[in-house]
Amino acid sequence: MGENPKSRRPSRHPSPRPSPRPSRHPGAVARRRAAAAAARLSPPAWLLDNLRPQPAPIRWPAVARASVALAAPLAVGFATDQHAYGALFALGALNGILSDTADAYRMRVLHVAVPQVFAAIGVTLGTLVFGQEWAAVGVLALVALVSGMISSIGAVASFGGLLLLLNAVVGAGLPLPEPWWKAPLLIALGGLFVLLLSLLAWPFRAGVPERAAVARTYRATADLLEASAAPDSEFERRRQAVTLALNHAYDMLLARRASDHGWRAPLVRLLAQLNVIIPLVEAASLRDRQPSPEVTAALRHLADVVAEGRTGEGEPDLPPPRTASDRAVDTALRYVASVVGEADVDPTHLNDRLGRPAALSVRVRRATRDVLLSEASWRYGLRLALCIGLAQTLVAVIPVQRSYWVALTVTFVLKPDFGSVFSRAVLRALGTAVGLVVAGVVLAEVPVGWWDVLVVALLAPIIPAVSAKGYAFQTAAITPVILLISDVLNHEGFDLVAPRLVDSLIGCAIALVAGYLLWPESWHTRVGHRLADAVEETAEYVRRAFGAGGAGGAGGAGGAAGVTAAGEQAEVERTRRRIYRDLSTVRTEFQRALTEPPPVGRRAAAWWPLVVATERIVDATTAARVRVSYGAPAPAPAETADIADQLTDMAERLRSSEVLVEVRGESGDVVEEGSVLAALRQELRAAKAIASPGARVM
């Protein structure tokens, strides 16, 4: 059954000799004091982690688009003596550049076009209250409420809500050309110009991003198979890479179907090719022995076939299987090869591993209902409305030059779905300071006119190049560009620099105080609650995998006897995919929480071992399903129910506490000798030990 490492008795070996006392030599003492002083003066670890650039590839086409999309409107504006029109068009293009993050072309239409509608509505509402200070307070607070609430729907709605509020703030703070409809029209056209540039290659690269996403999943699975004999940490890292690749590929293919009224042959084939990799991923969880090099080489060859869109591939030449693990991998891989080689796939019995998405109208109604009835969306909307209202009130009351930059800063900082509010406030201040240095040099030395076009053409490409590196880098890149464009509208020149720094610091202070320090929700981590949901889903996974009829695993794909019916098998696989997707979300939430200052970051760090333990429980459950599919005796229903009940109890206890709590509970007398669930029980005991600091769990 395995021994719980935390239950072992202390070693009886004598303790090592104490280390010699540190030297009292004056030089050594001075060095230690200097080192201690340097440690006290050095920035905290959470800040250094945020300032460290994240590894991310540069999207060179986006870099080229940014240069053209921002510089060309300014050039046309100067050429036609319509400076303001060119600047507004460029502002809209900046919106498009920030939202142009999708890979698939159909997804780009949604990611870029839909937020531009929100941007046009926002700038229209803002222009209606321009010059009316107290009306602007009420209107912008209401827009902030709506913006915050719709941000919980999804990525497109979140960015749409951001542009709705940003452009409302700009419309209320800058003098825009009359009549009222010109500004929203020009801003929307600027965003659509970016979309047009991004779609120029569509006729030549149709389907390439989708095929690349599926092929990336195949290669990640090959890496996972190679790590079968690697240490647990390496195997878990590669398994997480497979999860991210699967999430990305499914999101891309299923989101593309939002605009498809029926099944299309290329999409059907890609979805089938993605679905059949799941049994191979499940077979990798056995980890009995590392597959032969021919297996991983064949899988990588199939990845190349998928990426190139070829068909008609023959069956791979694989060595004969010798163990149950070999048979599972061999069966799953041959089935993958057969599906990849087919030119036509029948969509009648094609299952989406996360379930087929509902019609777009149904999803819109569901999203609207969820937003209106969700406490979380109301809390975030009210939080954002409060801070925007305070920012606009401060600008209206204090007798200083009225500035839209305060509310603009609050909008950028107070996006919890984009990361830690505290960290974003600090990084925003640092990034703005760096960006203002660049902007100050340009505004002081470069005259307004054609030189602005050249400078923007050089600075704009930096935005997409560094945005994925970190928020501070993105802020430093955006600040000089947006200041140069706004200078074309208000002609303040170098005098913009100092007020904008002060405005940014005020906005950061409002977000920190009202949106973070005084907001009770800020002092609680959401890791435990989301992890509890994943543990509860894991209990359901165990019940479905081994309840009422047994288990089916990888063998069901290639003809081996599966115990569950096809419909139940598909539901089991969907449950497993949902758990890994949820655990991926927990990992993201965990990374965000770590960027919070103590004590929140320290509390979040305590959950990490339990996140890993939950993933290992899911892996052990999957491995047991595969073993049953290839001849191992199915577990007794009572044993399955006992494990599921323990997981459910753990979920309830985790959900009721902000910190790790004692999760005890003895196993019933249902353990069978040599049960296929022995490894699962061992992982469950380890998880309960982690969740019960200081407690000895049997």
# chains A, B, ... in the order shown; residues from 1 in each chain; ligands from 1
$ select_by_dssp --residues "segment 131-221 of chain A" --states "alpha helix (DSSP H)" --output "VMD selection string"
chain A and resid 133 to 150 155 to 173 182 to 198 202 to 205 208 to 221
$ closest_residue --among "A:Ala623, A:Ala120, A:Leu74, A:Ala303" --to "Ala328 of chain A" --atoms "only C-alpha atoms"
A:Ala623
$ closest_atom_pairs --of "segment 421-533 of chain A" --to "segment 92-107 of chain A" --cutoff "12 Å" --atoms "only C-alpha atoms" --output "JSON lines"
{"residue": "A:Val456", "atom": "CA", "partner": "A:Leu94", "partner_atom": "CA", "distance": 11.4}
{"residue": "A:Ala460", "atom": "CA", "partner": "A:Leu94", "partner_atom": "CA", "distance": 8.8}
{"residue": "A:Pro461", "atom": "CA", "partner": "A:Ile97", "partner_atom": "CA", "distance": 9.8}
{"residue": "A:Ile462", "atom": "CA", "partner": "A:Ile97", "partner_atom": "CA", "distance": 11.3}
{"residue": "A:Ile463", "atom": "CA", "partner": "A:Leu98", "partner_atom": "CA", "distance": 8.3}
{"residue": "A:Pro464", "atom": "CA", "partner": "A:Ile97", "partner_atom": "CA", "distance": 7.4}
{"residue": "A:Ala465", "atom": "CA", "partner": "A:Ile97", "partner_atom": "CA", "distance": 11.1}
{"residue": "A:Val466", "atom": "CA", "partner": "A:Leu98", "partner_atom": "CA", "distance": 11.5}
{"residue": "A:Ser467", "atom": "CA", "partner": "A:Leu98", "partner_atom": "CA", "distance": 8.6}
{"residue": "A:Ala468", "atom": "CA", "partner": "A:Thr101", "partner_atom": "CA", "distance": 9.9}
{"residue": "A:Gln474", "atom": "CA", "partner": "A:Leu98", "partner_atom": "CA", "distance": 9.9}
{"residue": "A:Thr475", "atom": "CA", "partner": "A:Leu98", "partner_atom": "CA", "distance": 11.6}
{"residue": "A:Ala477", "atom": "CA", "partner": "A:Leu98", "partner_atom": "CA", "distance": 11.7}
{"residue": "A:Ile478", "atom": "CA", "partner": "A:Leu94", "partner_atom": "CA", "distance": 9.0}
{"residue": "A:Thr479", "atom": "CA", "partner": "A:Leu94", "partner_atom": "CA", "distance": 11.6}
{"residue": "A:Val481", "atom": "CA", "partner": "A:Leu94", "partner_atom": "CA", "distance": 9.1}
{"residue": "A:Ile482", "atom": "CA", "partner": "A:Leu94", "partner_atom": "CA", "distance": 8.4}
{"residue": "A:Ile485", "atom": "CA", "partner": "A:Leu94", "partner_atom": "CA", "distance": 10.1}
$ atom_distance --atom1 "atom CA of Val276 of chain A" --atom2 "atom CA of Tyr335 of chain A"
7.2 Å
$ residues_around --residues "Gln132 of chain A" --least-positions-apart "3" --cutoff "12 Å" --atoms "only C-alpha atoms" --output "MDAnalysis selection string"
chainID A and resid 126:129 135:140 171:173 392:393 395:396 402
$ residues_around --residues "segment 498-514 of chain A" --least-positions-apart "5" --cutoff "6 Å" --atoms "only C-alpha atoms" --output "PyMOL selection string"
chain A and resi 405-406+409-410+425
$ write_last_selection --atoms "N, CA and C atoms" --output "short mmCIF file (atom, residue, chain, number, x, y, z; two decimals), in the first residue's frame"
data_model
loop_
_atom_site.label_atom_id
_atom_site.label_comp_id
_atom_site.auth_asym_id
_atom_site.auth_seq_id
_atom_site.Cartn_x
_atom_site.Cartn_y
_atom_site.Cartn_z
N TRP A 405 -5.92 60.90 -17.33
CA TRP A 405 -4.90 59.87 -17.10
C TRP A 405 -5.09 59.18 -15.75
N VAL A 406 -5.71 59.85 -14.78
CA VAL A 406 -5.93 59.23 -13.47
C VAL A 406 -6.88 58.04 -13.61
N THR A 409 -5.37 55.20 -15.61
CA THR A 409 -4.46 54.36 -14.82
C THR A 409 -5.24 53.38 -13.95
N VAL A 410 -6.31 53.86 -13.31
CA VAL A 410 -7.14 52.99 -12.49
C VAL A 410 -7.71 51.84 -13.32
N ALA A 425 -0.23 47.72 -9.84
CA ALA A 425 -0.09 49.13 -9.46
C ALA A 425 1.39 49.51 -9.37
#
$ closest_residue --among "A:Ala87, A:Ala545, A:Ala593, A:Leu110" --to "Leu176 of chain A" --atoms "only C-alpha atoms"
A:Ala87
$ residues_around --residues "Leu244 of chain A" --least-positions-apart "5" --cutoff "10 Å" --atoms "only C-alpha atoms" --output "short mmCIF file (atom, residue, chain, number, x, y, z; two decimals) with C-alpha atoms, in the first residue's frame"
data_model
loop_
_atom_site.label_atom_id
_atom_site.label_comp_id
_atom_site.auth_asym_id
_atom_site.auth_seq_id
_atom_site.Cartn_x
_atom_site.Cartn_y
_atom_site.Cartn_z
CA THR A 217 -0.28 18.71 -28.88
CA ALA A 220 3.96 17.60 -26.33
CA ARG A 238 5.59 17.80 -19.35
CA ARG A 239 2.10 16.63 -18.44
CA ALA A 249 -6.09 23.49 -29.43
CA TYR A 250 -9.63 22.80 -28.21
CA TYR A 580 -7.12 19.15 -15.91
CA ARG A 581 -8.47 22.40 -17.35
CA SER A 584 -4.59 24.58 -15.08
#
$ closest_residue --among "A:Thr585, A:Thr640, A:Thr221, A:Ser67" --to "His529 of chain A" --atoms "only C-alpha atoms"
A:Thr585
